[in-house]
file model_8.tsv (TSV, C-alpha atoms)
chain	number	residue	atom	x	y	z
I	173	MET	CA	24.30	37.17	-9.15
I	174	GLU	CA	25.31	40.00	-11.50
I	175	GLU	CA	22.80	42.40	-9.89
I	176	SER	CA	24.13	41.59	-6.42
I	177	THR	CA	27.73	42.13	-7.44
I	178	ILE	CA	26.85	45.38	-9.15
I	179	SER	CA	24.99	46.64	-6.08
I	180	GLY	CA	27.89	45.53	-3.85
I	181	GLU	CA	30.37	47.40	-6.01
I	182	SER	CA	28.18	50.51	-5.99
I	183	ASN	CA	27.97	50.41	-2.16
I	184	GLU	CA	31.74	50.08	-1.91
I	185	ASN	CA	32.17	53.04	-4.26
I	186	LEU	CA	29.79	55.13	-2.16
I	187	VAL	CA	31.65	54.27	1.05
I	188	SER	CA	35.01	54.96	-0.56
I	189	GLU	CA	33.82	58.41	-1.61
I	190	ILE	CA	33.09	59.38	2.03
I	191	PRO	CA	36.13	60.88	3.79
I	192	PRO	CA	37.51	58.80	6.71
I	193	LYS	CA	36.88	61.62	9.20
I	194	GLN	CA	33.18	61.65	8.36
I	195	LEU	CA	33.00	57.87	8.72
I	196	ASP	CA	34.59	58.04	12.18
I	197	GLN	CA	32.24	60.84	13.17
I	198	ALA	CA	29.19	58.90	11.97
I	199	ALA	CA	30.31	55.79	13.85
I	200	SER	CA	30.88	57.73	17.07
I	201	GLU	CA	27.49	59.41	16.80
I	202	LYS	CA	25.82	56.07	16.21
I	203	ILE	CA	27.49	54.39	19.20
I	204	LYS	CA	27.13	57.35	21.55
I	205	LEU	CA	24.35	56.75	24.10
I	206	PRO	CA	22.79	58.91	26.80
I	207	LEU	CA	24.37	58.46	30.24
I	208	TRP	CA	21.21	56.95	31.72
I	209	ARG	CA	21.31	54.16	29.13
I	210	LEU	CA	24.82	53.05	30.07
I	211	PRO	CA	24.54	49.85	32.17
I	212	LEU	CA	26.86	51.01	34.96
I	213	ILE	CA	25.17	54.41	35.34
I	214	ARG	CA	21.71	52.88	35.15
I	215	ASN	CA	22.51	50.19	37.72
I	216	CYS	CA	24.08	52.73	40.09
I	217	GLY	CA	21.00	54.93	39.82
I	218	ILE	CA	18.68	52.00	40.55
I	219	GLY	CA	20.90	51.00	43.47
I	220	ILE	CA	20.77	54.46	45.05
I	221	VAL	CA	16.99	54.52	44.75
I	222	ALA	CA	16.78	51.02	46.28
I	223	ILE	CA	18.93	52.04	49.26
I	224	ALA	CA	16.83	55.17	49.82
I	225	LEU	CA	13.56	53.19	49.69
I	226	PHE	CA	14.93	50.53	52.04
I	227	PHE	CA	16.09	53.24	54.44
I	228	VAL	CA	12.55	54.61	54.61
I	229	ILE	CA	10.82	51.22	54.80
I	230	SER	CA	13.13	49.86	57.51
I	231	GLY	CA	12.19	52.82	59.71
I	232	HIS	CA	8.60	51.53	59.84
I	233	LEU	CA	9.54	47.94	60.73
I	234	SER	CA	9.95	46.41	64.16
I	235	LEU	CA	13.34	45.58	65.67
I	236	TYR	CA	12.78	41.88	65.02
I	237	ARG	CA	11.89	42.40	61.35
I	238	ASN	CA	14.96	44.56	60.84
I	239	TYR	CA	17.08	41.87	62.45
I	240	GLN	CA	15.58	39.29	60.09
I	241	LEU	CA	16.41	41.47	57.10
I	242	ALA	CA	19.94	41.86	58.44
I	243	GLU	CA	20.19	38.06	58.57
I	244	VAL	CA	19.08	37.75	54.94
I	245	GLY	CA	21.81	40.06	53.61
I	246	PRO	CA	24.87	37.83	54.16
I	247	TYR	CA	23.21	34.90	52.41
I	248	ILE	CA	22.28	37.04	49.40
I	249	LEU	CA	25.95	37.91	48.87
I	250	ALA	CA	27.12	34.32	49.34
I	251	LEU	CA	24.45	33.06	46.93
I	252	LEU	CA	25.40	35.73	44.39
I	253	GLY	CA	28.93	34.36	44.33
I	254	LEU	CA	27.80	30.74	44.21
I	255	SER	CA	25.30	31.50	41.44
I	256	LEU	CA	28.04	33.16	39.40
I	257	LEU	CA	30.35	30.20	39.86
I	258	VAL	CA	27.81	27.50	39.07
I	259	GLY	CA	25.37	29.22	36.74
I	260	GLN	CA	27.71	31.42	34.73
I	261	ASN	CA	30.95	29.40	34.76
I	262	GLY	CA	29.78	25.82	35.23
I	263	GLN	CA	31.90	24.93	38.28
I	264	ILE	CA	30.53	23.31	41.42
I	265	SER	CA	31.28	24.11	45.05
I	266	ILE	CA	30.06	22.42	48.23
I	267	GLY	CA	32.43	24.48	50.35
I	268	HIS	CA	31.03	27.99	50.25
I	269	GLY	CA	30.16	27.75	53.92
I	270	ALA	CA	33.89	27.42	54.61
I	271	LEU	CA	34.59	30.48	52.44
I	272	MET	CA	32.09	32.42	54.51
I	273	ALA	CA	33.97	31.24	57.60
I	274	ILE	CA	37.23	32.67	56.23
I	275	GLY	CA	35.60	36.06	55.75
I	276	ALA	CA	34.05	35.94	59.22
I	277	TRP	CA	37.28	34.96	60.98
I	278	THR	CA	39.23	37.60	59.06
I	279	PHE	CA	36.73	40.26	60.10
I	280	ALA	CA	36.82	39.11	63.73
I	281	LEU	CA	40.61	38.95	63.99
I	282	PHE	CA	41.17	42.35	62.42
I	283	GLN	CA	38.49	43.92	64.62
I	284	LEU	CA	40.02	42.31	67.72
I	285	HIS	CA	43.62	43.37	67.05
I	286	THR	CA	43.13	46.68	65.20
I	287	LYS	CA	40.95	49.76	65.36
I	288	LEU	CA	40.15	49.97	61.67
I	289	PRO	CA	36.82	51.40	60.45
I	290	LEU	CA	33.97	49.04	59.64
I	291	ALA	CA	34.21	49.60	55.87
I	292	VAL	CA	37.93	48.74	55.89
I	293	LEU	CA	37.28	45.58	57.89
I	294	LEU	CA	34.66	44.44	55.37
I	295	ILE	CA	37.02	45.17	52.45
I	296	LEU	CA	39.84	43.23	54.14
I	297	ALA	CA	37.57	40.23	54.73
I	298	THR	CA	36.59	40.31	51.06
I	299	LEU	CA	40.18	40.62	49.83
I	300	VAL	CA	41.53	37.81	52.03
I	301	THR	CA	38.79	35.46	50.87
I	302	PHE	CA	39.34	36.58	47.28
I	303	ILE	CA	43.03	35.64	47.54
I	304	PHE	CA	42.18	32.30	49.14
I	305	GLY	CA	39.62	31.68	46.41
I	306	SER	CA	42.29	32.39	43.78
I	307	LEU	CA	44.52	29.71	45.28
I	308	LEU	CA	41.61	27.31	45.54
I	309	GLY	CA	40.63	28.19	41.98
I	310	LEU	CA	44.05	27.06	40.71
I	311	VAL	CA	43.24	23.62	42.08
I	312	ALA	CA	39.61	23.73	40.97
I	313	ALA	CA	40.60	24.58	37.39
I	314	ARG	CA	42.35	21.19	37.12
I	315	LEU	CA	39.43	19.19	38.52
I	316	ARG	CA	36.06	18.27	37.05
I	317	GLY	CA	32.76	16.86	38.24
I	318	PRO	CA	32.84	14.75	41.40
I	319	TYR	CA	36.55	15.44	41.99
I	320	LEU	CA	35.90	19.18	42.25
I	321	ALA	CA	32.85	18.58	44.43
I	322	GLY	CA	34.89	16.30	46.69
I	323	THR	CA	37.65	18.87	47.09
I	324	THR	CA	35.24	21.63	48.11
I	325	LEU	CA	33.43	19.16	50.38
I	326	ALA	CA	36.70	18.40	52.16
I	327	LEU	CA	37.20	22.14	52.62
I	328	ALA	CA	33.75	22.51	54.17
I	329	LEU	CA	34.41	19.61	56.55
I	330	GLY	CA	37.98	20.42	57.55
I	331	LEU	CA	38.27	24.20	57.72
I	332	PRO	CA	35.96	24.83	60.73
I	333	ASP	CA	38.00	22.37	62.81
I	334	ILE	CA	41.02	24.66	62.59
I	335	ALA	CA	39.28	26.99	65.06
I	336	THR	CA	39.10	24.21	67.64
I	337	ARG	CA	42.70	23.15	67.03
I	338	TYR	CA	44.16	26.65	67.52
I	339	ARG	CA	42.01	27.85	70.40
I	340	SER	CA	44.34	30.64	71.49
I	341	LEU	CA	43.89	32.37	68.13
I	342	PHE	CA	40.32	31.50	67.14
I	343	GLY	CA	38.68	31.01	70.54
I	344	GLY	CA	37.83	27.32	70.22
I	345	TYR	CA	34.22	26.19	70.23
I	346	GLN	CA	32.99	29.45	71.75
I	347	GLY	CA	34.66	31.49	69.03
I	348	LEU	CA	35.31	35.23	69.08
I	349	GLN	CA	32.95	38.02	70.07
I	350	ILE	CA	32.17	40.78	67.57
I	351	THR	CA	31.50	44.36	68.61
I	352	GLN	CA	28.52	45.68	66.70
I	353	PRO	CA	28.75	49.31	65.56
I	354	SER	CA	26.45	51.94	67.00
I	355	PRO	CA	24.35	54.07	64.66
I	356	PRO	CA	25.85	57.50	63.93
I	357	ALA	CA	24.38	60.37	65.91
I	358	PHE	CA	23.10	62.20	62.82
I	359	LEU	CA	20.61	59.36	62.18
I	360	GLY	CA	18.72	60.27	65.34
I	361	ALA	CA	18.03	58.64	68.68
I	362	THR	CA	15.20	56.49	67.29
I	363	PHE	CA	17.44	54.80	64.73
I	364	SER	CA	18.00	51.33	66.20
I	365	ALA	CA	21.08	49.13	65.96
I	366	GLN	CA	19.08	46.46	64.13
I	367	GLN	CA	18.00	48.98	61.48
I	368	TYR	CA	21.59	50.15	61.14
I	369	LEU	CA	22.77	46.58	60.51
I	370	ALA	CA	20.03	46.09	57.94
I	371	VAL	CA	21.05	49.29	56.13
I	372	ILE	CA	24.73	48.21	56.13
I	373	ASP	CA	23.69	44.89	54.61
I	374	MET	CA	21.58	46.66	52.01
I	375	ILE	CA	24.47	48.88	50.93
I	376	CYS	CA	26.77	45.86	50.55
I	377	ILE	CA	24.08	43.95	48.64
I	378	VAL	CA	23.51	46.81	46.20
I	379	ILE	CA	27.24	47.16	45.58
I	380	GLY	CA	27.53	43.40	45.04
I	381	ILE	CA	24.57	43.27	42.65
I	382	ILE	CA	25.93	46.20	40.62
I	383	ILE	CA	29.33	44.51	40.31
I	384	PHE	CA	27.85	41.16	39.33
I	385	ALA	CA	25.32	42.64	36.92
I	386	ASN	CA	28.04	44.52	35.03
I	387	LEU	CA	30.41	41.54	35.21
I	388	ILE	CA	27.87	39.20	33.65
I	389	ARG	CA	27.30	41.61	30.74
I	390	SER	CA	31.00	42.27	30.19
I	391	LYS	CA	33.50	40.41	28.02
I	392	THR	CA	34.63	38.47	31.09
I	393	GLY	CA	31.08	37.30	31.71
I	394	ARG	CA	30.72	36.17	28.10
I	395	ASN	CA	33.99	34.26	28.46
I	396	MET	CA	32.65	32.56	31.58
I	397	ARG	CA	29.54	31.38	29.75
I	398	ALA	CA	31.63	30.24	26.79
I	399	VAL	CA	33.82	28.15	29.08
I	400	ARG	CA	30.73	26.76	30.77
I	401	ASP	CA	29.18	25.68	27.47
I	402	ASP	CA	32.27	24.26	25.73
I	403	GLU	CA	35.85	24.43	26.99
I	404	ILE	CA	37.38	23.13	23.76
I	405	ALA	CA	35.60	25.69	21.62
I	406	SER	CA	36.63	28.39	24.11
I	407	ARG	CA	40.29	27.44	23.77
I	408	ILE	CA	40.02	27.51	19.99
I	409	SER	CA	38.48	31.00	20.26
I	410	GLY	CA	41.49	32.20	22.23
I	411	ILE	CA	39.88	32.24	25.69
I	412	SER	CA	42.11	31.18	28.58
I	413	VAL	CA	39.96	28.56	30.26
I	414	GLN	CA	42.12	28.29	33.38
I	415	LYS	CA	42.30	32.06	33.98
I	416	THR	CA	38.56	32.39	33.48
I	417	GLN	CA	37.78	29.61	35.94
I	418	VAL	CA	40.26	30.89	38.53
I	419	PHE	CA	38.85	34.40	38.28
I	420	ALA	CA	35.28	33.11	38.63
I	421	PHE	CA	36.23	31.12	41.72
I	422	ALA	CA	38.06	34.10	43.24
I	423	VAL	CA	35.15	36.51	42.69
I	424	SER	CA	32.72	33.94	44.04
I	425	ALA	CA	34.89	33.43	47.12
I	426	GLY	CA	35.16	37.19	47.68
I	427	ALA	CA	31.38	37.53	47.72
I	428	ALA	CA	31.12	34.62	50.17
I	429	GLY	CA	33.79	36.22	52.37
I	430	LEU	CA	31.89	39.50	52.50
I	431	GLY	CA	28.75	37.57	53.35
I	432	GLY	CA	30.58	35.76	56.14
I	433	ALA	CA	31.86	39.05	57.58
I	434	LEU	CA	28.33	40.49	57.58
I	435	LEU	CA	26.98	37.31	59.17
I	436	ALA	CA	29.57	37.63	61.94
I	437	LEU	CA	28.60	41.27	62.40
I	438	VAL	CA	24.90	40.49	62.64
I	439	SER	CA	25.28	37.51	64.99
I	440	SER	CA	28.04	39.30	67.02
I	441	ASN	CA	29.96	36.02	67.25
I	442	VAL	CA	32.17	33.79	65.10
I	443	SER	CA	32.27	30.14	66.07
I	444	PRO	CA	32.85	26.83	64.21
I	445	GLY	CA	29.25	25.78	64.80
I	446	ALA	CA	27.97	28.54	62.52
I	447	PHE	CA	29.87	27.28	59.45
I	448	THR	CA	29.21	23.57	59.28
I	449	LEU	CA	28.55	21.41	56.23
I	450	THR	CA	24.85	22.11	56.71
I	451	LEU	CA	25.44	25.74	55.75
I	452	SER	CA	27.16	24.76	52.50
I	453	ILE	CA	24.33	22.38	51.59
I	454	SER	CA	21.76	25.03	52.45
I	455	LEU	CA	23.54	27.49	50.15
I	456	LEU	CA	23.37	25.01	47.29
I	457	ALA	CA	19.68	24.40	47.97
I	458	GLY	CA	18.98	28.13	48.16
I	459	MET	CA	20.77	28.72	44.88
I	460	VAL	CA	18.76	26.06	43.04
I	461	ILE	CA	15.45	27.13	44.58
I	462	GLY	CA	16.03	30.82	43.85
I	463	GLY	CA	17.37	30.38	40.33
I	464	THR	CA	20.90	29.48	39.28
I	465	GLY	CA	22.84	32.05	37.29
I	466	THR	CA	20.42	34.92	37.88
I	467	ILE	CA	20.75	38.17	39.82
I	468	ALA	CA	17.38	38.07	41.59
I	469	GLY	CA	17.51	34.33	42.31
I	470	PRO	CA	19.87	34.68	45.31
I	471	ILE	CA	17.41	37.08	46.94
I	472	TRP	CA	14.65	34.46	46.87
I	473	GLY	CA	17.07	31.78	48.02
I	474	ALA	CA	18.36	33.89	50.92
I	475	PHE	CA	14.84	34.57	52.22
I	476	ILE	CA	14.14	30.84	52.10
I	477	MET	CA	17.39	30.10	53.96
I	478	VAL	CA	16.37	32.44	56.77
I	479	TYR	CA	12.68	31.58	57.02
I	480	VAL	CA	12.74	27.78	56.52
I	481	PRO	CA	14.52	27.13	59.86
I	482	GLN	CA	12.01	29.44	61.55
I	483	TRP	CA	9.13	27.54	59.97
I	484	ALA	CA	10.75	24.31	61.15
I	485	THR	CA	11.03	25.65	64.70
I	486	THR	CA	7.39	26.74	64.69
I	487	ALA	CA	6.26	23.35	63.37
I	488	THR	CA	8.35	21.58	66.01
I	489	GLU	CA	6.76	23.56	68.83
I	490	LYS	CA	3.21	23.07	67.56
I	491	LEU	CA	3.61	19.34	66.86
I	492	ASN	CA	5.69	18.61	69.98
I	493	LEU	CA	8.37	16.76	68.01
I	494	ASN	CA	11.44	15.31	69.68
I	495	GLN	CA	14.90	16.85	69.39
I	496	GLY	CA	16.14	14.35	66.77
I	497	ILE	CA	13.38	15.24	64.33
I	498	ALA	CA	13.57	18.95	65.12
I	499	ALA	CA	17.30	19.08	64.34
I	500	ASN	CA	16.78	17.69	60.83
I	501	LEU	CA	13.38	19.15	60.01
I	502	SER	CA	14.79	22.21	58.24
I	503	LEU	CA	16.93	20.01	55.97
I	504	GLY	CA	13.84	17.93	55.24
I	505	LEU	CA	11.94	21.07	54.25
I	506	TYR	CA	14.82	22.06	51.96
I	507	GLY	CA	14.56	18.65	50.32
I	508	VAL	CA	10.81	18.97	49.79
I	509	LEU	CA	11.23	22.47	48.33
I	510	LEU	CA	13.99	21.25	46.03
I	511	ILE	CA	11.83	18.43	44.70
I	512	VAL	CA	8.87	20.74	44.14
I	513	ILE	CA	10.99	23.42	42.43
I	514	ILE	CA	12.79	20.91	40.19
I	515	LEU	CA	9.47	19.40	39.10
I	516	LEU	CA	7.47	22.59	38.66
I	517	ALA	CA	10.15	25.21	37.96
I	518	PRO	CA	13.52	23.74	36.88
I	519	MET	CA	14.95	27.27	36.51
I	520	GLY	CA	14.03	28.21	40.08
I	521	ILE	CA	11.64	30.82	41.42
I	522	GLN	CA	13.18	33.60	39.35
I	523	GLY	CA	12.99	31.49	36.19
I	524	LEU	CA	9.33	30.73	36.91
I	525	LEU	CA	8.53	34.41	37.39
I	526	ARG	CA	10.44	35.37	34.25
I	527	SER	CA	8.67	32.78	32.10
I	528	GLY	CA	5.29	33.74	33.55
I	529	PHE	CA	5.91	37.41	32.85
I	530	SER	CA	7.01	36.72	29.27
I	531	LYS	CA	3.90	34.60	28.65
I	532	LEU	CA	1.72	37.38	30.03
I	533	VAL	CA	3.36	39.91	27.71
I	534	LEU	CA	2.88	37.63	24.71
I	535	ARG	CA	-0.78	37.12	25.55
I	536	ARG	CA	-1.36	40.85	25.82
I	537	GLN	CA	0.39	41.43	22.53
I	538	GLY	CA	-1.75	38.75	20.95
I	539	LYS	CA	-4.90	40.43	22.20
I	540	LEU	CA	-3.73	43.81	20.98
I	541	SER	CA	-2.92	42.39	17.55
I	542	LYS	CA	-6.38	40.94	17.31
call {"tool": "encode", "arguments": {"input": "model_8.tsv", "output": "structure tokens"}}
result
Amino acid sequence: MEESTISGESNENLVSEIPPKQLDQAASEKIKLPLWRLPLIRNCGIGIVAIALFFVISGHLSLYRNYQLAEVGPYILALLGLSLLVGQNGQISIGHGALMAIGAWTFALFQLHTKLPLAVLLILATLVTFIFGSLLGLVAARLRGPYLAGTTLALALGLPDIATRYRSLFGGYQGLQITQPSPPAFLGATFSAQQYLAVIDMICIVIGIIIFANLIRSKTGRNMRAVRDDEIASRISGISVQKTQVFAFAVSAGAAGLGGALLALVSSNVSPGAFTLTLSISLLAGMVIGGTGTIAGPIWGAFIMVYVPQWATTATEKLNLNQGIAANLSLGLYGVLLIVIILLAPMGIQGLLRSGFSKLVLRRQGKLSK
């Protein structure tokens, strides 16, 4: 005890002898990092490289494959928001299909009545859904468990019917037509419209991933996880639980709104039939299968959401199944995939890959140590 106190006093004396300016300079030099090691700069650099690679790869794909990739993009953004809400903040939503509908209708109405550029239309769709998500988040912050799930379920069931009630504004069951943008002339005559849509989706996905990756690693992201783990302890620590939950819901809704706008752009139509309860359930299934709370998980989930219905259609044609079975076959495949993933990989595909990679690294280190 005496030795420790003596050494402590000697360290304090040494620190006290150093001038404050030198201490500040030493601290700044210790904290200062190269630009490429800063998370935002590093993520932006990776994003630019990813867009450039996708631009080159998409030029060697067929029109149909580019259209499929363009279909995947909207679901990646919606799943990113849902994964943030559920995995990082601990809230549940069965109404993200309705939030995508808000973004899609906003995009369609502004395009129909204005001549704004495409980027502005996408930003407006995101902002409107963000504001709606903030209002919905105020309600969600007061609800827990099945009550919150029931509220979002009611939203998913009721919101699409507004389009059929106000047909003069929303077009009824047929919906509104979307004008797809033509590729700029500087891209060349061989640059197809499908490739252009896929590139637009890729740019939006990269921006969304950069925002979410930095948000998760920020103080706000740590507050979200603290609220998810223990709300009482978060309040004691000075974290505003309600503000954190409302913000998480708003950001999640904004991502879903952007995804809905891109989905409307790709399909060139916005109708109530595209945003049913089935879409919300499929988003939940895709989130769980891909990996809840991860950045790469929504990518796996989005590919499954696009390709499972196609697999179901192919199986229906080969097996000559009737219309009743064919209509529900994709949901049945989602159920089978969910059961398999929950049993074999509770953390989803991304969690399985991460654990497998870490085990491989440990084995190699073990061999090297031997």
call {"tool": "atom_distance", "arguments": {"input": "model_8.tsv", "atom1": "atom CA of Leu271 of chain I", "atom2": "atom CA of Asp402 of chain I"}}
result
27.5 Å
call {"tool": "closest_residue", "arguments": {"input": "model_8.tsv", "among": "I:Leu251, I:Leu241, I:Ala370, I:Ala273", "to": "Gly473 of chain I", "atoms": "all atoms listed in the file"}}
result
I:Leu251
call {"tool": "closest_atom_pairs", "arguments": {"input": "model_8.tsv", "of": "segment 210-299 of chain I", "to": "segment 431-440 of chain I", "cutoff": "6 Å", "atoms": "only C-alpha atoms", "output": "tab-separated table"}}
result
residue	atom	partner	partner_atom	distance
I:Pro246	CA	I:Gly431	CA	4.0
I:Leu249	CA	I:Gly431	CA	5.3
I:Ala250	CA	I:Gly431	CA	5.4
I:Met272	CA	I:Gly432	CA	4.0
I:Ala273	CA	I:Gly432	CA	5.8
I:Gly275	CA	I:Gly432	CA	5.0
I:Ala276	CA	I:Ala433	CA	4.1
I:Phe279	CA	I:Ala433	CA	5.6
call {"tool": "residues_around", "arguments": {"input": "model_8.tsv", "residues": "Ala328 of chain I", "least_positions_apart": "5", "cutoff": "10 Å", "atoms": "only C-alpha atoms", "output": "VMD selection string"}}
result
chain I and resid 265 to 271 273 322 to 323 333 447 to 453
call {"tool": "atom_distance", "arguments": {"input": "model_8.tsv", "atom1": "atom CA of Thr464 of chain I", "atom2": "atom CA of Gly217 of chain I"}}
result
25.5 Å
call {"tool": "residues_around", "arguments": {"input": "model_8.tsv", "residues": "Gly523 of chain I", "least_positions_apart": "5", "cutoff": "9 Å", "atoms": "only C-alpha atoms", "output": "PyMOL selection string"}}
result
chain I and resi 462-464+466+469+517-518+528
call {"tool": "atom_distance", "arguments": {"input": "model_8.tsv", "atom1": "atom CA of Ala427 of chain I", "atom2": "atom CA of Ile303 of chain I"}}
result
11.8 Å
call {"tool": "residues_around", "arguments": {"input": "model_8.tsv", "residues": "Lys415 of chain I", "least_positions_apart": "4", "cutoff": "12 Å", "atoms": "only C-alpha atoms", "output": "short mmCIF file (atom, residue, chain, number, x, y, z; two decimals) with C-alpha atoms, in the frame of the given file"}}
result
data_model
loop_
_atom_site.label_atom_id
_atom_site.label_comp_id
_atom_site.auth_asym_id
_atom_site.auth_seq_id
_atom_site.Cartn_x
_atom_site.Cartn_y
_atom_site.Cartn_z
CA ASN I 261 30.95 29.40 34.76
CA SER I 306 42.29 32.39 43.78
CA LEU I 307 44.52 29.71 45.28
CA GLY I 309 40.63 28.19 41.98
CA LEU I 310 44.05 27.06 40.71
CA VAL I 311 43.24 23.62 42.08
CA ALA I 312 39.61 23.73 40.97
CA ALA I 313 40.60 24.58 37.39
CA ARG I 314 42.35 21.19 37.12
CA THR I 392 34.63 38.47 31.09
CA ASN I 395 33.99 34.26 28.46
CA MET I 396 32.65 32.56 31.58
CA VAL I 399 33.82 28.15 29.08
CA SER I 406 36.63 28.39 24.11
CA ARG I 407 40.29 27.44 23.77
CA GLY I 410 41.49 32.20 22.23
CA ILE I 411 39.88 32.24 25.69
CA PHE I 419 38.85 34.40 38.28
CA ALA I 420 35.28 33.11 38.63
CA PHE I 421 36.23 31.12 41.72
CA ALA I 422 38.06 34.10 43.24
#
call {"tool": "closest_residue", "arguments": {"input": "model_8.tsv", "among": "I:Ser364, I:Asn386, I:Ser340, I:Thr351", "to": "Leu233 of chain I", "atoms": "all atoms listed in the file"}}
result
I:Ser364
call {"tool": "closest_residue", "arguments": {"input": "model_8.tsv", "among": "I:Gln346, I:Ser230, I:Asn500, I:Gln263", "to": "Thr416 of chain I", "atoms": "only C-alpha atoms"}}
result
I:Gln263
call {"tool": "residues_near_point", "arguments": {"input": "model_8.tsv", "point": "(41.7, 41.3, 53.9)", "cutoff": "12 Å", "atoms": "all atoms listed in the file", "output": "VMD selection string"}}
result
chain I and resid 274 to 283 288 291 to 304 426 429 to 430 433
call {"tool": "closest_residue", "arguments": {"input": "model_8.tsv", "among": "I:Phe342, I:Ile461, I:Val221, I:Gln240", "to": "Ile511 of chain I", "atoms": "all atoms listed in the file"}}
result
I:Ile461
call {"tool": "residues_around", "arguments": {"input": "model_8.tsv", "residues": "Thr486 of chain I", "least_positions_apart": "5", "cutoff": "12 Å", "atoms": "all atoms listed in the file", "output": "list in words"}}
result
Tyr479, Val480, Pro481, Leu491, Asn492, Leu493, Ala498, Leu501 and Ser502 of chain I
call {"tool": "closest_residue", "arguments": {"input": "model_8.tsv", "among": "I:Gln414, I:Gln349, I:Gln260, I:Thr336", "to": "Arg389 of chain I", "atoms": "all atoms listed in the file"}}
result
I:Gln260
call {"tool": "closest_residue", "arguments": {"input": "model_8.tsv", "among": "I:Ile383, I:Ile467, I:Val228, I:Val378", "to": "Gly259 of chain I", "atoms": "only C-alpha atoms"}}
result
I:Ile467
